[in-house]
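Asker: Data file start.cif (mmCIF, C-alpha atoms) is appended below.
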data_protein
loop_
_atom_site.label_atom_id
_atom_site.label_comp_id
_atom_site.auth_asym_id
_atom_site.auth_seq_id
_atom_site.Cartn_x
_atom_site.Cartn_y
_atom_site.Cartn_z
CA ASP C 111 -5.77 9.85 -11.40
CA SER C 112 -2.82 7.61 -10.58
CA GLY C 113 -2.74 5.92 -13.96
CA VAL C 114 -3.60 2.52 -12.46
CA THR C 115 -7.14 1.54 -13.41
CA GLN C 116 -9.18 -0.94 -11.46
CA THR C 117 -12.60 -2.30 -12.31
CA PRO C 118 -15.18 -2.68 -10.97
CA LYS C 119 -15.12 -0.03 -8.25
CA HIS C 120 -17.79 -1.80 -6.25
CA LEU C 121 -19.05 -5.35 -6.34
CA ILE C 122 -21.71 -7.05 -4.27
CA THR C 123 -22.11 -10.79 -4.49
CA ALA C 124 -23.23 -13.80 -2.50
CA THR C 125 -21.29 -16.45 -0.64
CA GLY C 126 -20.07 -19.27 -2.83
CA GLN C 127 -19.86 -17.10 -5.93
CA ARG C 128 -16.83 -16.23 -8.06
CA VAL C 129 -15.70 -12.76 -9.12
CA THR C 130 -12.94 -11.31 -11.23
CA LEU C 131 -11.21 -8.02 -10.48
CA ARG C 132 -9.31 -6.30 -13.24
CA CYS C 133 -6.28 -4.02 -13.18
CA SER C 134 -4.54 -2.03 -15.88
CA PRO C 135 -1.12 -0.80 -14.78
CA ARG C 136 0.42 2.57 -15.55
CA SER C 137 1.85 2.86 -19.00
CA GLY C 138 5.38 1.45 -18.97
CA ASP C 139 5.03 -0.41 -15.68
CA LEU C 140 5.75 -4.12 -15.96
CA SER C 141 5.09 -5.20 -12.36
CA VAL C 142 1.63 -5.59 -10.88
CA TYR C 143 0.89 -6.18 -7.20
CA TRP C 144 -2.36 -7.13 -5.54
CA TYR C 145 -3.16 -6.15 -1.95
CA GLN C 146 -6.17 -6.84 0.23
CA GLN C 147 -7.27 -4.25 2.78
CA SER C 148 -9.66 -5.29 5.54
CA LEU C 149 -10.42 -3.89 8.96
CA ASP C 150 -8.98 -6.84 10.84
CA GLN C 151 -5.99 -7.68 8.62
CA GLY C 152 -4.91 -4.27 7.35
CA LEU C 153 -3.04 -4.10 4.06
CA GLN C 154 -1.94 -7.58 3.10
CA PHE C 155 0.22 -8.39 0.10
CA LEU C 156 -1.37 -11.08 -2.04
CA ILE C 157 0.72 -11.60 -5.16
CA GLN C 158 3.12 -9.96 -7.62
CA TYR C 159 3.57 -10.42 -11.35
CA TYR C 160 6.31 -9.10 -13.57
CA ASN C 161 5.91 -9.12 -17.31
CA GLY C 162 3.51 -12.03 -17.16
CA GLU C 163 5.38 -14.15 -14.65
CA GLU C 164 4.51 -14.69 -11.03
CA ARG C 165 7.27 -13.27 -8.82
CA ALA C 166 6.02 -13.50 -5.27
CA LYS C 167 3.13 -14.81 -3.27
CA GLY C 168 1.96 -13.47 0.03
CA ASN C 169 -1.09 -14.26 2.09
CA ILE C 170 -3.16 -15.37 -0.85
CA LEU C 171 -5.77 -18.05 -0.26
CA GLU C 172 -5.93 -21.13 -2.49
CA ARG C 173 -9.42 -19.98 -3.54
CA PHE C 174 -7.81 -16.91 -5.07
CA SER C 175 -5.73 -16.83 -8.23
CA ALA C 176 -4.29 -14.18 -10.47
CA GLN C 177 -2.60 -13.76 -13.79
CA GLN C 178 -0.99 -11.08 -15.90
CA PHE C 179 -1.71 -11.04 -19.59
CA PRO C 180 0.56 -10.15 -22.52
CA ASP C 181 -0.87 -6.64 -22.62
CA LEU C 182 0.21 -6.41 -18.94
CA HIS C 183 -3.23 -6.05 -17.45
CA SER C 184 -3.91 -8.35 -14.54
CA GLU C 185 -6.91 -10.14 -13.14
CA LEU C 186 -7.53 -11.40 -9.63
CA ASN C 187 -10.01 -14.25 -9.45
CA LEU C 188 -11.77 -14.92 -6.17
CA SER C 189 -13.86 -18.07 -5.92
CA SER C 190 -16.06 -19.85 -3.36
CA LEU C 191 -16.46 -16.49 -1.71
CA GLU C 192 -16.96 -16.23 2.02
CA LEU C 193 -18.20 -13.38 4.16
CA GLY C 194 -14.65 -12.79 5.33
CA ASP C 195 -13.51 -12.05 1.81
CA SER C 196 -15.32 -8.73 1.94
CA ALA C 197 -12.56 -6.16 1.60
CA LEU C 198 -10.98 -3.50 -0.53
CA TYR C 199 -8.68 -5.00 -3.13
CA PHE C 200 -5.92 -2.79 -4.44
CA CYS C 201 -3.79 -3.17 -7.48
CA ALA C 202 -0.46 -1.37 -7.73
CA SER C 203 2.13 -1.19 -10.44
CA SER C 204 5.79 -0.28 -10.77
CA VAL C 205 8.61 -0.29 -13.25
CA VAL C 206 11.15 -2.14 -11.15
CA ALA C 207 10.86 -5.88 -10.97
CA VAL C 208 13.50 -7.39 -8.83
CA GLY C 209 16.76 -6.84 -7.03
CA SER C 210 16.00 -3.60 -5.27
CA GLY C 211 13.68 -2.34 -2.63
CA ALA C 212 14.03 1.14 -4.12
CA ASN C 213 10.72 0.67 -5.81
CA VAL C 214 7.77 3.05 -5.80
CA LEU C 215 4.35 1.45 -6.10
CA THR C 216 1.52 3.41 -7.66
CA PHE C 217 -1.88 2.30 -6.44
CA GLY C 218 -5.24 2.20 -8.10
CA ALA C 219 -8.41 3.36 -6.37
CA GLY C 220 -9.35 -0.17 -5.40
CA SER C 221 -12.26 -2.53 -5.89
CA ARG C 222 -14.59 -2.86 -2.93
CA LEU C 223 -15.99 -6.35 -2.65
CA THR C 224 -18.97 -7.06 -0.44
CA VAL C 225 -19.97 -10.68 0.08
CA LEU C 226 -23.47 -11.18 1.50
CA ALA Q 168 11.22 -11.00 8.79
CA GLN Q 169 10.53 -7.47 7.76
CA SER Q 170 7.82 -5.62 9.63
CA VAL Q 171 6.49 -2.15 10.26
CA THR Q 172 4.90 -0.89 13.45
CA GLN Q 173 2.72 2.16 13.72
CA PRO Q 174 1.97 2.42 17.42
CA ASP Q 175 -0.76 5.05 17.14
CA ILE Q 176 -4.01 3.74 15.70
CA HIS Q 177 -5.84 7.04 15.93
CA ILE Q 178 -4.62 10.62 16.45
CA THR Q 179 -6.61 13.83 16.74
CA VAL Q 180 -4.97 17.21 16.31
CA SER Q 181 -6.28 20.73 16.03
CA GLU Q 182 -6.02 22.55 12.75
CA GLY Q 183 -2.79 24.55 12.67
CA ALA Q 184 -1.08 22.32 15.22
CA SER Q 185 2.02 20.31 14.47
CA LEU Q 186 1.86 16.61 13.74
CA GLU Q 187 4.16 13.66 14.20
CA LEU Q 188 3.17 10.13 13.21
CA ARG Q 189 5.40 7.36 14.44
CA CYS Q 190 6.77 4.45 12.45
CA ASN Q 191 9.24 1.77 13.47
CA TYR Q 192 10.57 -0.88 11.13
CA SER Q 193 12.36 -4.16 11.37
CA TYR Q 194 14.62 -4.97 8.46
CA GLY Q 195 18.03 -6.59 8.28
CA ALA Q 196 19.52 -4.55 5.49
CA THR Q 197 19.36 -0.93 4.44
CA PRO Q 198 15.66 -0.14 4.45
CA TYR Q 199 13.73 1.58 1.75
CA LEU Q 200 10.98 3.47 3.55
CA PHE Q 201 7.74 5.04 2.43
CA TRP Q 202 4.78 6.98 3.71
CA TYR Q 203 1.47 6.70 1.88
CA VAL Q 204 -1.80 8.49 2.58
CA GLN Q 205 -5.29 7.14 1.99
CA SER Q 206 -8.22 9.53 1.92
CA PRO Q 207 -11.70 8.10 2.43
CA GLY Q 208 -12.78 6.09 -0.58
CA GLN Q 209 -9.46 6.64 -2.31
CA GLY Q 210 -6.39 4.63 -3.13
CA LEU Q 211 -3.00 5.08 -1.55
CA GLN Q 212 -0.96 8.10 -2.58
CA LEU Q 213 2.78 8.32 -2.04
CA LEU Q 214 3.74 11.15 0.32
CA LEU Q 215 7.49 10.60 0.42
CA LYS Q 216 10.21 7.99 0.33
CA TYR Q 217 13.67 7.37 1.70
CA PHE Q 218 16.17 5.38 -0.31
CA SER Q 219 19.54 6.81 0.75
CA GLY Q 220 21.39 10.04 1.45
CA ASP Q 221 19.96 12.86 3.51
CA THR Q 222 17.98 11.35 6.37
CA LEU Q 223 15.44 14.17 6.32
CA VAL Q 224 13.23 13.81 3.29
CA GLN Q 225 10.63 16.18 1.99
CA GLY Q 226 7.38 15.09 0.46
CA ILE Q 227 4.21 16.45 -1.00
CA LYS Q 228 1.62 18.51 0.88
CA GLY Q 229 4.23 19.95 3.26
CA PHE Q 230 5.12 16.63 4.90
CA GLU Q 231 8.61 15.52 5.87
CA ALA Q 232 10.05 12.43 7.50
CA GLU Q 233 13.29 11.66 9.24
CA PHE Q 234 15.10 8.35 9.02
CA LYS Q 235 16.88 7.40 12.24
CA ARG Q 236 18.79 4.16 11.85
CA SER Q 237 19.72 3.97 15.55
CA GLN Q 238 16.06 4.01 16.50
CA SER Q 239 14.77 2.05 13.48
CA SER Q 240 12.29 4.85 12.96
CA PHE Q 241 10.88 6.87 10.10
CA ASN Q 242 8.49 9.37 11.67
CA LEU Q 243 6.30 11.61 9.57
CA ARG Q 244 5.94 15.29 10.49
CA LYS Q 245 4.07 18.36 9.43
CA PRO Q 246 4.49 21.75 11.13
CA SER Q 247 0.91 22.93 10.63
CA VAL Q 248 -1.97 20.58 9.90
CA HIS Q 249 -4.82 21.51 7.59
CA TRP Q 250 -8.32 20.09 7.77
CA SER Q 251 -7.71 18.39 4.41
CA ASP Q 252 -4.96 16.29 5.99
CA ALA Q 253 -7.56 14.14 7.72
CA ALA Q 254 -6.90 10.67 6.31
CA GLU Q 255 -5.22 7.40 7.12
CA TYR Q 256 -1.45 7.28 6.91
CA PHE Q 257 0.56 4.17 6.21
CA CYS Q 258 4.26 3.58 6.70
CA ALA Q 259 5.86 0.89 4.55
CA VAL Q 260 9.20 -0.80 4.04
CA GLY Q 261 10.41 -2.16 0.73
CA ALA Q 262 11.23 -5.83 1.11
CA GLY Q 263 13.17 -8.26 -0.97
CA TYR Q 264 16.39 -6.43 -1.65
CA GLY Q 265 18.48 -8.62 -3.90
CA GLY Q 266 15.71 -11.15 -4.12
CA ALA Q 267 12.93 -12.00 -6.47
CA THR Q 268 10.42 -9.46 -5.28
CA ASN Q 269 10.29 -5.92 -4.07
CA LYS Q 270 6.86 -5.80 -2.52
CA LEU Q 271 6.02 -3.27 0.16
CA ILE Q 272 5.18 -4.30 3.70
CA PHE Q 273 2.77 -1.92 5.35
CA GLY Q 274 2.10 -0.94 8.91
CA THR Q 275 -1.43 -1.01 10.28
CA GLY Q 276 -1.98 2.66 9.63
CA THR Q 277 -2.71 5.75 11.73
CA LEU Q 278 -6.04 7.45 11.30
CA LEU Q 279 -5.69 11.22 11.61
CA ALA Q 280 -8.62 13.39 12.60
CA VAL Q 281 -8.33 17.19 12.46
CA GLN Q 282 -10.38 19.36 14.78
CA PRO Q 283 -11.36 22.86 13.66
#
Give the structure from this file in structure tokens form.
Answerer:
Amino acid sequence: DSGVTQTPKHLITATGQRVTLRCSPRSGDLSVYWYQQSLDQGLQFLIQYYNGEERAKGNILERFSAQQFPDLHSELNLSSLELGDSALYFCASSVVAVGSGANVLTFGAGSRLTVL
Amino acid sequence: AQSVTQPDIHITVSEGASLELRCNYSYGATPYLFWYVQSPGQGLQLLLKYFSGDTLVQGIKGFEAEFKRSQSSFNLRKPSVHWSDAAEYFCAVGAGYGGATNKLIFGTGTLLAVQP
């Protein structure tokens, strides 16, 4: 157990629907990162939050949004789902926020989304 | 822009044989380098990291990696592979030194199969 908790583990939904993925970071970690893993795109960075504030955006679609709450858990919202959104979505957390690449990310087990 | 290249998509080795997984990075400053392993259905687990100092770093499960600045490489090695090492291995570079984020940029991964 890495200490990063992601729910749900598996999710099957239909095109056009909206889903929410949840992440609880390790105790003491203030940064949360979301990554998407698919066969054709590999591991793609989506977005980072630090202590409730957005810090960086990567290849995140406009249909996707995220937030980090005061208790530091984070949610990734995926809307108007398409078949191509089927992927494994990882959350990671770390203590370090900015200013250094010397930063170890701890990953959760992921949420597997299947869009039919 | 920062990037990571793992030239070998798939490698098969015999149990007990030595292993070397290749990783090349592109980064303008001093890189922070990582190797993560992903077992089937699992999240990513940190094997080892290089931040500074000794260019040969030791990790968990008997793995080591050597940072070679002149070759922009950070190859992962293990002297004797066990069947349980079968997994996908990802090299990553820490981006955003001095900036607003310290996300990790991942390579495309190398899938390791171990023959009995």
Asker: Select residues of chain Q: the criterion is any atom within 10 Å of an atom of chain C, counting all atoms listed in the file; output as a compact mmCIF listing (two decimals) with C-alpha atoms, keeping the file's coordinate frame.
Answerer:
# COMPACT_ATOMS: atom_id res chain seq x y z
CA THR Q 197 19.36 -0.93 4.44
CA PRO Q 198 15.66 -0.14 4.45
CA TYR Q 199 13.73 1.58 1.75
CA LEU Q 200 10.98 3.47 3.55
CA PHE Q 201 7.74 5.04 2.43
CA TYR Q 203 1.47 6.70 1.88
CA GLN Q 205 -5.29 7.14 1.99
CA GLY Q 208 -12.78 6.09 -0.58
CA GLN Q 209 -9.46 6.64 -2.31
CA GLY Q 210 -6.39 4.63 -3.13
CA LEU Q 211 -3.00 5.08 -1.55
CA GLN Q 212 -0.96 8.10 -2.58
CA LEU Q 213 2.78 8.32 -2.04
CA LEU Q 215 7.49 10.60 0.42
CA LYS Q 216 10.21 7.99 0.33
CA TYR Q 217 13.67 7.37 1.70
CA PHE Q 218 16.17 5.38 -0.31
CA SER Q 219 19.54 6.81 0.75
CA PHE Q 257 0.56 4.17 6.21
CA VAL Q 260 9.20 -0.80 4.04
CA GLY Q 261 10.41 -2.16 0.73
CA ALA Q 262 11.23 -5.83 1.11
CA GLY Q 263 13.17 -8.26 -0.97
CA TYR Q 264 16.39 -6.43 -1.65
CA GLY Q 265 18.48 -8.62 -3.90
CA GLY Q 266 15.71 -11.15 -4.12
CA ALA Q 267 12.93 -12.00 -6.47
CA THR Q 268 10.42 -9.46 -5.28
CA ASN Q 269 10.29 -5.92 -4.07
CA LYS Q 270 6.86 -5.80 -2.52
CA LEU Q 271 6.02 -3.27 0.16
CA ILE Q 272 5.18 -4.30 3.70
CA PHE Q 273 2.77 -1.92 5.35
CA GLY Q 274 2.10 -0.94 8.91
CA THR Q 275 -1.43 -1.01 10.28
CA GLY Q 276 -1.98 2.66 9.63
Asker: For range 183-187 of chain Q, work out the shell of residues within 12 Å, counting all atoms listed in the file and skipping chain neighbours fewer than 3 positions away, then give it as a count of residues only.
Answerer: 32
Asker: Padding 8 Å on each side, edges along x, y and z: where is the centre of the box around the listed atoms of range 275-281 of chain Q, and how long are its edges in Å to one decimal? Output it as lines of an AutoDock Vina configuration file.
Answerer:
center_x = -5.0
center_y = 8.1
center_z = 11.1
size_x = 23.2
size_y = 34.2
size_z = 19.0
Asker: Taking the file above as input, evaluate the PyMOL selection byres ((chain Q and resi 238) around 12) and report the hits as a list in words.
Answerer: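 Applying the PyMOL selection byres ((chain Q and resi 238) around 12) to the structure shown produces Arg189, Cys190, Asn191, Tyr192, Ser193, Glu233, Phe234, Lys235, Arg236, Ser237, Ser239, Ser240, Phe241 and Asn242 of chain Q.
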Asker: Keeping C-alpha atoms, export the residues of the selection given above as an mmCIF file, keeping the file's coordinate frame.
Answerer:
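Once everything was written out, this is selection15.cif:
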data_model
loop_
_atom_site.group_PDB
_atom_site.id
_atom_site.type_symbol
_atom_site.label_atom_id
_atom_site.label_comp_id
_atom_site.auth_asym_id
_atom_site.auth_seq_id
_atom_site.Cartn_x
_atom_site.Cartn_y
_atom_site.Cartn_z
ATOM 1 C CA ARG Q 189 5.400 7.360 14.440
ATOM 2 C CA CYS Q 190 6.770 4.450 12.450
ATOM 3 C CA ASN Q 191 9.240 1.770 13.470
ATOM 4 C CA TYR Q 192 10.570 -0.880 11.130
ATOM 5 C CA SER Q 193 12.360 -4.160 11.370
ATOM 6 C CA GLU Q 233 13.290 11.660 9.240
ATOM 7 C CA PHE Q 234 15.100 8.350 9.020
ATOM 8 C CA LYS Q 235 16.880 7.400 12.240
ATOM 9 C CA ARG Q 236 18.790 4.160 11.850
ATOM 10 C CA SER Q 237 19.720 3.970 15.550
ATOM 11 C CA SER Q 239 14.770 2.050 13.480
ATOM 12 C CA SER Q 240 12.290 4.850 12.960
ATOM 13 C CA PHE Q 241 10.880 6.870 10.100
ATOM 14 C CA ASN Q 242 8.490 9.370 11.670
#
Asker: For a test of reading the model, state the distance in Å between CA of Asp181 in chain C and CA of Asn161 in chain C, rounded to one decimal.
Answerer: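 Between CA of Asp181 in chain C and CA of Asn161 in chain C the gap is 9.0 Å.
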